[in-house]
file structure.txt (compact mmCIF, C-alpha atoms and all ligand atoms)
# COMPACT_ATOMS: atom_id res chain seq x y z
CA MET A 1 80.26 95.71 83.80
CA ASN A 2 81.56 95.17 80.27
CA PRO A 3 82.03 91.59 79.00
CA PHE A 4 85.52 90.10 79.35
CA THR A 5 87.16 86.69 79.22
CA TYR A 6 89.23 85.21 82.03
CA GLY A 7 92.32 82.99 82.20
CA ARG A 8 94.84 81.88 84.80
CA ALA A 9 98.62 81.87 84.34
CA GLU A 10 100.86 79.33 86.09
CA ASP A 11 104.18 81.17 85.78
CA ALA A 12 105.50 84.63 85.00
CA ALA A 13 106.52 83.84 81.41
CA ALA A 14 103.06 82.48 80.64
CA ALA A 15 101.40 85.52 82.23
CA VAL A 16 103.45 87.91 80.10
CA ARG A 17 102.85 85.80 77.00
CA GLU A 18 99.07 85.74 77.62
CA VAL A 19 98.80 89.48 78.21
CA SER A 20 100.95 90.39 75.23
CA SER A 21 99.06 88.09 72.86
CA ALA A 22 95.51 89.31 73.56
CA ALA A 23 94.55 92.91 72.76
CA GLY A 24 93.18 94.70 75.83
CA ALA A 25 94.30 91.98 78.27
CA ARG A 26 95.26 92.89 81.84
CA PHE A 27 96.74 91.15 84.86
CA ILE A 28 94.53 90.82 87.92
CA ALA A 29 95.94 90.24 91.42
CA GLY A 30 93.81 91.12 94.49
CA GLY A 31 91.30 92.86 92.25
CA THR A 32 90.53 95.53 94.87
CA ASN A 33 91.22 98.40 92.48
CA LEU A 34 90.80 96.90 89.02
CA LEU A 35 87.33 95.46 89.65
CA ASP A 36 86.10 98.77 91.09
CA LEU A 37 87.35 100.57 88.00
CA MET A 38 85.69 98.00 85.73
CA LYS A 39 82.38 98.44 87.54
CA GLU A 40 82.64 102.22 87.00
CA HIS A 41 83.46 101.67 83.28
CA VAL A 42 86.80 103.44 83.75
CA GLU A 43 88.75 100.32 82.81
CA ARG A 44 87.41 98.00 80.09
CA PRO A 45 89.83 95.07 79.76
CA ALA A 46 88.82 92.53 77.12
CA ARG A 47 90.58 89.73 79.01
CA LEU A 48 91.80 89.26 82.59
CA ILE A 49 94.84 87.12 83.31
CA ASP A 50 94.71 86.00 86.93
CA ILE A 51 98.26 85.91 88.31
CA ASN A 52 97.43 84.51 91.75
CA ARG A 53 98.99 81.11 91.00
CA LEU A 54 102.40 82.61 90.23
CA PRO A 55 105.09 81.75 92.81
CA LEU A 56 105.52 85.38 93.94
CA ARG A 57 104.35 85.14 97.56
CA GLU A 58 107.67 84.95 99.37
CA ILE A 59 109.55 87.47 101.49
CA ARG A 60 113.24 86.65 101.67
CA ARG A 61 116.59 88.22 102.55
CA THR A 62 118.80 89.27 99.64
CA ALA A 63 122.53 88.51 99.49
CA ASP A 64 123.43 92.09 100.46
CA GLY A 65 121.20 92.16 103.54
CA GLY A 66 118.14 93.71 101.93
CA LEU A 67 114.70 92.17 101.55
CA GLU A 68 112.86 90.87 98.49
CA ILE A 69 109.07 91.05 98.67
CA GLY A 70 107.23 89.00 96.03
CA ALA A 71 104.66 90.91 94.00
CA LEU A 72 101.78 88.75 95.27
CA VAL A 73 102.55 89.07 98.98
CA THR A 74 99.47 90.74 100.42
CA ASN A 75 99.70 94.10 102.11
CA ALA A 76 98.73 92.44 105.43
CA ASP A 77 101.45 89.79 105.10
CA VAL A 78 104.07 92.47 104.40
CA ALA A 79 102.94 94.67 107.29
CA TYR A 80 102.97 91.80 109.83
CA ASP A 81 106.06 90.00 108.56
CA ALA A 82 108.56 89.63 111.43
CA GLU A 83 111.54 90.77 109.31
CA VAL A 84 109.62 93.79 108.02
CA GLU A 85 108.45 94.73 111.52
CA ARG A 86 111.99 94.38 112.88
CA SER A 87 114.05 95.92 110.06
CA TYR A 88 111.59 98.10 108.09
CA PRO A 89 108.95 99.25 110.61
CA LEU A 90 108.36 102.38 108.50
CA LEU A 91 106.92 100.13 105.79
CA SER A 92 104.66 98.31 108.27
CA ARG A 93 103.34 101.60 109.62
CA ALA A 94 102.64 103.01 106.17
CA ILE A 95 100.74 99.92 105.03
CA LEU A 96 98.67 99.77 108.22
CA ALA A 97 97.70 103.43 107.74
CA GLY A 98 95.97 102.47 104.48
CA ALA A 99 92.65 100.90 103.55
CA SER A 100 91.04 98.37 105.94
CA ALA A 101 92.04 94.97 107.33
CA GLN A 102 89.83 93.22 104.76
CA LEU A 103 91.33 95.14 101.85
CA ARG A 104 94.89 94.64 103.10
CA ASN A 105 94.23 90.89 103.17
CA MET A 106 93.42 90.95 99.44
CA ALA A 107 95.60 93.79 98.12
CA THR A 108 99.00 92.75 96.80
CA THR A 109 102.37 94.46 96.67
CA GLY A 110 102.36 94.73 92.85
CA GLY A 111 98.74 95.90 92.74
CA ASN A 112 99.36 98.55 95.37
CA LEU A 113 102.10 100.09 93.23
CA LEU A 114 99.72 100.23 90.26
CA GLN A 115 96.54 101.41 91.96
CA ARG A 116 95.14 104.39 90.12
CA THR A 117 94.36 107.89 91.32
CA ARG A 118 91.29 108.55 93.46
CA CYS A 119 90.47 111.80 91.62
CA SER A 120 86.66 111.74 91.63
CA TYR A 121 86.46 113.01 88.03
CA PHE A 122 88.64 110.10 86.92
CA TYR A 123 86.11 107.72 88.50
CA ASP A 124 83.11 109.46 86.92
CA ALA A 125 82.86 108.24 83.34
CA ALA A 126 80.27 110.98 82.63
CA THR A 127 82.91 113.74 82.97
CA PRO A 128 85.95 114.50 80.81
CA CYS A 129 89.35 113.49 82.21
CA ASN A 130 92.73 113.53 80.47
CA LYS A 131 93.91 110.51 82.44
CA ARG A 132 90.87 108.39 81.49
CA GLU A 133 90.41 109.81 78.00
CA PRO A 134 93.51 111.64 76.72
CA GLY A 135 92.76 115.07 75.28
CA SER A 136 89.29 115.41 76.85
CA GLY A 137 90.29 117.99 79.52
CA CYS A 138 90.80 118.25 83.25
CA PRO A 139 87.72 119.39 85.18
CA ALA A 140 89.59 119.13 88.49
CA ILE A 141 91.71 122.22 87.71
CA GLY A 142 88.70 124.55 87.87
CA GLY A 143 86.55 122.18 89.93
CA TYR A 144 86.66 120.53 93.34
CA ASN A 145 90.32 119.86 94.01
CA ARG A 146 90.70 119.38 97.78
CA TYR A 147 92.61 116.10 97.36
CA HIS A 148 94.71 117.18 94.41
CA ALA A 149 98.39 117.89 93.83
CA ILE A 150 100.41 120.83 95.06
CA LEU A 151 103.72 119.69 93.54
CA GLY A 152 104.74 118.48 90.08
CA HIS A 153 101.30 118.96 88.49
CA SER A 154 100.79 120.01 84.87
CA GLU A 155 98.15 121.76 82.81
CA SER A 156 96.90 118.31 81.81
CA CYS A 157 96.41 116.74 85.24
CA ILE A 158 96.61 117.62 88.94
CA ALA A 159 95.82 114.15 90.33
CA THR A 160 97.69 112.57 93.23
CA HIS A 161 99.01 109.06 93.63
CA PRO A 162 96.97 107.49 96.46
CA SER A 163 99.21 104.76 97.92
CA ASP A 164 100.53 104.82 101.48
CA MET A 165 102.87 101.87 100.99
CA CYS A 166 104.57 103.60 98.07
CA VAL A 167 105.47 106.62 100.19
CA ALA A 168 107.47 104.40 102.54
CA LEU A 169 109.01 102.52 99.59
CA ALA A 170 110.11 105.85 98.08
CA ALA A 171 111.75 106.91 101.36
CA LEU A 172 113.47 103.54 101.72
CA GLY A 173 114.84 103.67 98.15
CA ALA A 174 113.21 100.45 96.97
CA VAL A 175 113.75 98.93 93.53
CA VAL A 176 110.95 97.35 91.46
CA ARG A 177 111.81 94.14 89.61
CA VAL A 178 109.77 93.49 86.47
CA THR A 179 109.69 91.02 83.63
CA GLY A 180 108.29 91.48 80.15
CA THR A 181 108.66 90.42 76.55
CA GLY A 182 112.13 92.01 76.54
CA GLY A 183 113.31 90.10 79.64
CA GLU A 184 113.87 91.22 83.24
CA ARG A 185 114.84 94.67 84.47
CA SER A 186 115.00 96.63 87.72
CA ILE A 187 113.49 100.09 88.10
CA PRO A 188 114.59 102.41 90.95
CA PHE A 189 111.49 103.51 92.84
CA ALA A 190 112.02 107.20 92.01
CA GLU A 191 111.78 106.32 88.30
CA PHE A 192 108.81 103.97 88.57
CA HIS A 193 105.91 106.45 88.92
CA ARG A 194 105.60 109.42 86.54
CA LEU A 195 104.69 113.07 86.82
CA PRO A 196 101.72 113.84 84.53
CA GLY A 197 103.31 116.22 82.02
CA ASP A 198 101.25 116.01 78.83
CA ARG A 199 100.74 112.21 79.15
CA PRO A 200 98.72 111.87 82.41
CA GLU A 201 97.21 108.60 81.20
CA LEU A 202 100.59 106.98 81.94
CA ASP A 203 101.02 106.45 85.68
CA THR A 204 104.34 104.60 85.51
CA THR A 205 107.34 103.82 83.33
CA LEU A 206 106.31 100.16 82.99
CA ALA A 207 106.27 98.99 79.39
CA PRO A 208 103.02 97.42 78.12
CA CYS A 209 102.67 93.79 79.28
CA GLU A 210 105.43 94.06 81.92
CA LEU A 211 104.71 92.12 85.10
CA ILE A 212 105.98 93.26 88.50
CA THR A 213 107.64 90.27 90.14
CA ALA A 214 109.12 91.79 93.31
CA VAL A 215 110.03 94.87 95.28
CA ILE A 216 113.58 94.93 96.67
CA LEU A 217 114.48 96.88 99.79
CA PRO A 218 118.09 97.90 100.44
CA ALA A 219 119.69 96.87 103.75
CA ALA A 220 119.17 100.24 105.46
CA GLY A 221 115.69 100.13 106.99
CA PHE A 222 115.97 102.91 109.61
CA PRO A 223 114.43 100.86 112.43
CA GLU A 224 115.63 103.27 115.16
CA HIS A 225 114.34 106.57 113.80
CA HIS A 226 111.31 106.58 111.55
CA ALA A 227 107.76 107.92 111.39
CA TYR A 228 104.79 107.66 109.03
CA LEU A 229 102.18 110.37 109.52
CA LYS A 230 98.96 110.39 107.53
CA VAL A 231 96.62 113.39 107.70
CA ARG A 232 93.13 112.59 106.39
CA ASP A 233 89.52 113.67 106.69
CA ARG A 234 88.46 110.51 108.57
CA THR A 235 90.47 108.03 110.60
CA SER A 236 89.54 105.04 108.46
CA TYR A 237 88.83 104.34 104.79
CA ALA A 238 90.25 107.71 103.82
CA PHE A 239 93.11 108.45 101.50
CA ALA A 240 95.80 110.89 102.59
CA LEU A 241 95.40 114.62 102.28
CA ILE A 242 99.08 114.63 103.21
CA SER A 243 101.28 111.77 104.32
CA VAL A 244 104.95 111.84 105.26
CA ALA A 245 107.45 109.02 105.60
CA ALA A 246 110.49 110.22 107.54
CA ALA A 247 113.58 108.21 108.40
CA LEU A 248 116.80 109.31 110.08
CA GLU A 249 120.11 107.85 111.06
CA VAL A 250 121.55 109.83 113.97
CA ASP A 251 125.19 109.49 114.93
CA GLY A 252 127.01 111.49 117.60
CA GLY A 253 124.15 113.98 117.88
CA LYS A 254 124.16 114.71 114.13
CA VAL A 255 121.96 113.51 111.28
CA ALA A 256 124.06 111.00 109.32
CA GLU A 257 121.30 110.13 106.83
CA ALA A 258 117.81 111.49 106.21
CA ARG A 259 114.95 110.29 104.06
CA ILE A 260 111.75 112.26 103.47
CA ALA A 261 108.90 111.26 101.12
CA LEU A 262 105.41 112.73 100.85
CA GLY A 263 102.10 111.25 99.74
CA GLY A 264 98.94 113.09 98.68
CA VAL A 265 100.94 115.95 97.16
CA ALA A 266 101.82 114.82 93.63
CA HIS A 267 101.16 112.39 90.78
CA LYS A 268 103.87 110.19 92.34
CA PRO A 269 105.29 109.61 95.82
CA TRP A 270 107.41 112.73 96.31
CA ARG A 271 110.92 112.22 97.62
CA ASP A 272 113.12 115.30 97.93
CA LEU A 273 116.87 114.65 97.79
CA ASP A 274 117.76 118.34 98.29
CA ALA A 275 115.78 118.51 101.54
CA GLU A 276 117.47 115.33 102.73
CA ALA A 277 120.89 116.87 101.95
CA ILE A 278 120.01 119.95 104.04
CA LEU A 279 119.73 117.75 107.12
CA ARG A 280 122.89 115.68 106.64
CA GLY A 281 125.59 116.62 109.15
CA LYS A 282 123.22 118.91 111.06
CA GLU A 283 121.75 118.51 114.54
CA PRO A 284 118.25 117.05 114.67
CA THR A 285 116.45 120.24 115.70
CA ARG A 286 113.00 121.56 114.84
CA GLY A 287 114.70 124.56 113.18
CA ASN A 288 116.64 122.33 110.82
CA PHE A 289 113.56 120.19 110.15
CA ALA A 290 111.62 123.38 109.28
CA GLU A 291 114.37 124.39 106.85
CA ALA A 292 114.12 121.01 105.11
CA ALA A 293 110.31 121.26 105.00
CA GLY A 294 110.57 124.75 103.50
CA ALA A 295 112.84 123.41 100.76
CA ILE A 296 110.33 120.68 99.86
CA LEU A 297 107.43 123.11 99.59
CA ARG A 298 109.34 125.99 97.95
CA ASP A 299 107.78 125.41 94.53
CA ALA A 300 104.40 124.17 95.76
CA ARG A 301 101.31 125.65 94.12
CA GLY A 302 97.76 124.96 95.21
CA PHE A 303 94.35 125.42 93.61
CA GLU A 304 91.03 126.83 94.85
CA HIS A 305 90.28 124.09 97.39
CA ASN A 306 93.69 122.71 98.31
CA GLY A 307 95.93 125.72 99.01
CA PHE A 308 95.80 124.76 102.70
CA LYS A 309 97.77 121.59 101.90
CA ILE A 310 100.99 123.57 101.44
CA GLU A 311 101.13 124.68 105.08
CA LEU A 312 99.69 121.34 106.20
CA ALA A 313 102.49 119.52 104.36
CA ARG A 314 105.13 121.80 105.83
CA ARG A 315 103.89 121.13 109.37
CA THR A 316 103.47 117.40 108.78
CA VAL A 317 107.06 117.10 107.53
CA VAL A 318 108.41 118.86 110.63
CA ARG A 319 106.27 116.74 112.94
CA ALA A 320 107.21 113.49 111.20
CA LEU A 321 110.92 114.31 111.39
CA ALA A 322 110.58 115.26 115.07
CA GLU A 323 108.76 112.00 115.77
CA ALA A 324 111.41 110.07 113.86
CA ALA A 325 114.20 111.78 115.81
CA GLY A 326 112.49 110.92 119.12
CA GLU A 327 114.91 111.23 122.00
CA ALA A 328 117.64 112.41 119.64
CA LEU A 329 115.66 115.64 119.03
CA GLN A 330 117.68 118.62 120.31
C1 LIG B 1 87.72 101.38 100.03
C2 LIG B 1 89.18 101.38 99.70
C3 LIG B 1 90.06 102.11 100.49
C4 LIG B 1 91.43 102.11 100.23
N1 LIG B 1 92.27 102.86 101.01
C5 LIG B 1 93.60 102.87 100.73
C6 LIG B 1 94.50 103.66 101.49
O1 LIG B 1 94.11 104.36 102.43
N2 LIG B 1 95.81 103.62 101.16
C7 LIG B 1 96.29 102.87 100.12
O2 LIG B 1 97.49 102.86 99.88
N3 LIG B 1 95.45 102.13 99.37
C8 LIG B 1 94.13 102.12 99.65
N4 LIG B 1 93.29 101.38 98.87
C9 LIG B 1 93.79 100.79 97.63
C10 LIG B 1 94.30 99.40 97.78
O3 LIG B 1 95.49 99.42 98.53
C11 LIG B 1 94.58 98.93 96.35
O4 LIG B 1 93.31 98.72 95.75
C12 LIG B 1 95.37 97.65 96.31
O5 LIG B 1 96.66 97.84 96.87
C13 LIG B 1 95.53 97.15 94.88
O6 LIG B 1 96.12 95.86 94.93
P1 LIG B 1 95.41 94.63 94.20
O7 LIG B 1 96.32 93.47 94.35
O8 LIG B 1 94.01 94.45 94.67
O9 LIG B 1 95.44 95.17 92.70
P2 LIG B 1 94.45 94.82 91.49
O10 LIG B 1 93.17 95.57 91.66
O11 LIG B 1 94.40 93.38 91.22
O12 LIG B 1 95.30 95.49 90.31
C14 LIG B 1 95.56 96.88 90.27
C15 LIG B 1 96.34 97.16 88.98
O13 LIG B 1 97.62 96.56 89.05
C16 LIG B 1 97.82 95.65 87.95
N5 LIG B 1 98.63 94.59 88.55
C17 LIG B 1 98.39 93.92 89.70
N6 LIG B 1 99.44 93.14 90.00
C18 LIG B 1 100.36 93.32 89.02
C19 LIG B 1 101.67 92.80 88.79
N7 LIG B 1 102.25 91.96 89.63
N8 LIG B 1 102.34 93.23 87.69
C20 LIG B 1 101.77 94.10 86.82
N9 LIG B 1 100.53 94.61 86.99
C21 LIG B 1 99.85 94.23 88.08
C22 LIG B 1 96.44 95.27 87.48
O14 LIG B 1 96.45 94.93 86.11
C23 LIG B 1 95.68 96.57 87.74
O15 LIG B 1 95.92 97.47 86.69
C24 LIG B 1 91.92 101.35 99.13
C25 LIG B 1 91.05 100.60 98.33
C26 LIG B 1 89.70 100.61 98.60
C27 LIG B 1 88.78 99.81 97.72
S1 LIG B 2 93.25 115.71 87.80
FE1 LIG B 2 93.90 114.16 86.31
S2 LIG B 2 92.65 112.41 86.89
FE2 LIG B 2 91.63 114.20 87.76
S3 LIG B 2 90.21 115.02 86.19
FE3 LIG B 2 92.13 116.03 85.87
S4 LIG B 2 93.11 114.76 84.31
FE4 LIG B 2 91.57 113.50 85.24
call {"tool": "encode", "arguments": {"input": "structure.txt", "output": "structure tokens"}}
result
Amino acid sequence: MNPFTYGRAEDAAAAVREVSSAAGARFIAGGTNLLDLMKEHVERPARLIDINRLPLREIRRTADGGLEIGALVTNADVAYDAEVERSYPLLSRAILAGASAQLRNMATTGGNLLQRTRCSYFYDAATPCNKREPGSGCPAIGGYNRYHAILGHSESCIATHPSDMCVALAALGAVVRVTGTGGERSIPFAEFHRLPGDRPELDTTLAPCELITAVILPAAGFPEHHAYLKVRDRTSYAFALISVAAALEVDGGKVAEARIALGGVAHKPWRDLDAEAILRGKEPTRGNFAEAAGAILRDARGFEHNGFKIELARRTVVRALAEAAGEALQ
């Protein structure tokens, strides 16, 4: 572990001020990802600003019927919140598919959004990695890439975003509220995480020193027709090879609204608006679900060890949509 100093902030403005005034300072919330990365010498913050005293632990209804989840609400408290279970069960299911009970008790909403890739080369400080050390190369492209991306990758990086919660948030169309030295702003979920391009070291569009204060869910939570499927090598403590969040609104035997987001396939949770449009106005049939899945995977490209994920993703999308449709399936 490298030496660092530690401080606690009492409110959001102080936290932002502290992080922006000390070079190499970082926020720490649950610490379940940041401390691991510090122990592996991947992250070397000079100063940690503990944000656990900030008043960001509430879940409350918004004026337009949505839900605001404070950035410090733990993953367990989100998953078992009565409003979330009733109105956004897709989110509960996705969170409970991730990590372990102990980790979910520590991990926070803001930290989950900012957890870093699980690419093993990124974690191994003895190897090059463009995400860890820009310009050093990407050994995963010609190396062991079973868990890597099949969509949206670049010549610089083929890593995947590891979060389960974020896949559900992408499908639900969440908005991330942040505050920084320039004031507050809201970032639509689709614009929050980045594809790697030639800057894979940047995971998100957050500006330096910006603090996540909340995640806002719109009113539509798809409680009737939803599914979260996670395909992984082991049933616990394993990140997704492929995960799919599917949500449908079915009216008069037709799909009125569809949401499909995938995890484990790209540098960001992958929501496909074109595939969702294919389903709108159509009957909820396996044939139509297969057409939507085909559209999502049309441009997919695998590598030596992960080509199988293309067909796996296709099948998982169809199965998730069929499970979401339930009795409405025709
Ligand atoms: C063994 C293991 C298995 C796991 N399995 C899964 C899994 O299957 N699925 C899954 O989704 N996750 C999994 N996780 C990851 C876990 O969910 C994340 O580590 C956790 O969500 C991170 O939250 P945290 O509060 O601990 O973040 P921290 O470690 O405190 O912080 C992570 C990053 O976010 C920044 N940060 C934290 N809060 C804020 C904020 N409010 N504003 C701005 N920046 C902030 C920190 O500076 C840091 O860069 C696993 C983790 C472990 C260790
Ligand atoms: S895939 Fe990305 S994170 Fe993994 S080694 Fe390549 S550059 Fe690094």
call {"tool": "residues_near_ligand", "arguments": {"input": "structure.txt", "ligand": "ligand LIG 1 (chain B)", "cutoff": "6 Å", "atoms": "all atoms listed in the file", "output": "PyMOL selection string"}}
result
chain A and resi 26-34+71+98-99+106-108+110-112+114-115+162-165+211-213+237-239
call {"tool": "closest_atom_pairs", "arguments": {"input": "structure.txt", "of": "chain A", "to": "ligand LIG 2 (chain B)", "cutoff": "8 Å", "atoms": "only C-alpha atoms and all ligand atoms", "output": "CSV"}}
result
residue,atom,partner,partner_atom,distance
A:Thr117,CA,B:LIG2,S2,6.6
A:Arg118,CA,B:LIG2,S2,7.7
A:Cys119,CA,B:LIG2,FE2,4.7
A:Ser120,CA,B:LIG2,FE2,6.8
A:Tyr121,CA,B:LIG2,S3,4.6
A:Phe122,CA,B:LIG2,S2,4.6
A:Pro128,CA,B:LIG2,S3,6.9
A:Cys129,CA,B:LIG2,FE4,3.8
A:Asn130,CA,B:LIG2,S4,4.1
A:Lys131,CA,B:LIG2,S4,4.7
A:Arg132,CA,B:LIG2,FE4,6.4
A:Gly137,CA,B:LIG2,S4,6.4
A:Cys138,CA,B:LIG2,FE3,3.7
A:Pro139,CA,B:LIG2,S3,5.1
A:Ala140,CA,B:LIG2,S3,4.8
A:Ile141,CA,B:LIG2,FE3,6.5
A:His148,CA,B:LIG2,S1,6.9
A:Ser156,CA,B:LIG2,S4,5.8
A:Cys157,CA,B:LIG2,FE1,3.8
A:Ile158,CA,B:LIG2,S1,4.0
A:Ala159,CA,B:LIG2,S1,3.9
A:Thr160,CA,B:LIG2,S1,7.7
A:Pro200,CA,B:LIG2,S4,6.6
call {"tool": "closest_residue", "arguments": {"input": "structure.txt", "among": "A:His153, A:His41, A:Asp64, A:Ala261", "to": "Ala126 (chain A)", "atoms": "only C-alpha atoms"}}
result
A:His41
call {"tool": "closest_residue", "arguments": {"input": "structure.txt", "among": "A:Ile296, A:Leu67, A:Ala328, A:Ile216", "to": "Asp274 (chain A)", "atoms": "only C-alpha atoms"}}
result
A:Ile296
call {"tool": "atom_distance", "arguments": {"input": "structure.txt", "atom1": "CA of Ala25 (chain A)", "atom2": "CA of Ile49 (chain A)"}}
result
7.0 Å
call {"tool": "closest_residue", "arguments": {"input": "structure.txt", "among": "A:Arg104, A:Pro269, A:Arg116, A:Ile260", "to": "Leu37 (chain A)", "atoms": "only C-alpha atoms"}}
result
A:Arg116
call {"tool": "residues_near_point", "arguments": {"input": "structure.txt", "point": "(119.0, 98.1, 100.1)", "cutoff": "8 Å", "atoms": "all atoms listed in the file", "output": "MDAnalysis selection string"}}
result
chainID A and resid 64:67 172:174 216:221
call {"tool": "closest_residue", "arguments": {"input": "structure.txt", "among": "A:Arg17, A:Asp77, A:Pro89, A:Val265", "to": "Phe308 (chain A)", "atoms": "all atoms listed in the file"}}
result
A:Val265
call {"tool": "atom_distance", "arguments": {"input": "structure.txt", "atom1": "CA of Val16 (chain A)", "atom2": "CA of Leu72 (chain A)"}}
result
15.3 Å
call {"tool": "axis_aligned_box", "arguments": {"input": "structure.txt", "around": "region 310-314 of chain A", "padding_each_side": "8 Å", "output": "AutoDock Vina command-line options"}}
result
--center_x 102.4 --center_y 122.1 --center_z 103.8 --size_x 21.4 --size_y 21.2 --size_z 20.8
call {"tool": "closest_residue", "arguments": {"input": "structure.txt", "among": "A:Gly143, A:Cys166, A:Ala207, A:Ile69", "to": "Glu184 (chain A)", "atoms": "all atoms listed in the file"}}
result
A:Ala207
call {"tool": "closest_residue", "arguments": {"input": "structure.txt", "among": "A:Ala266, A:Ile150, A:Leu321, A:Glu224", "to": "Gly302 (chain A)", "atoms": "only C-alpha atoms"}}
result
A:Ile150
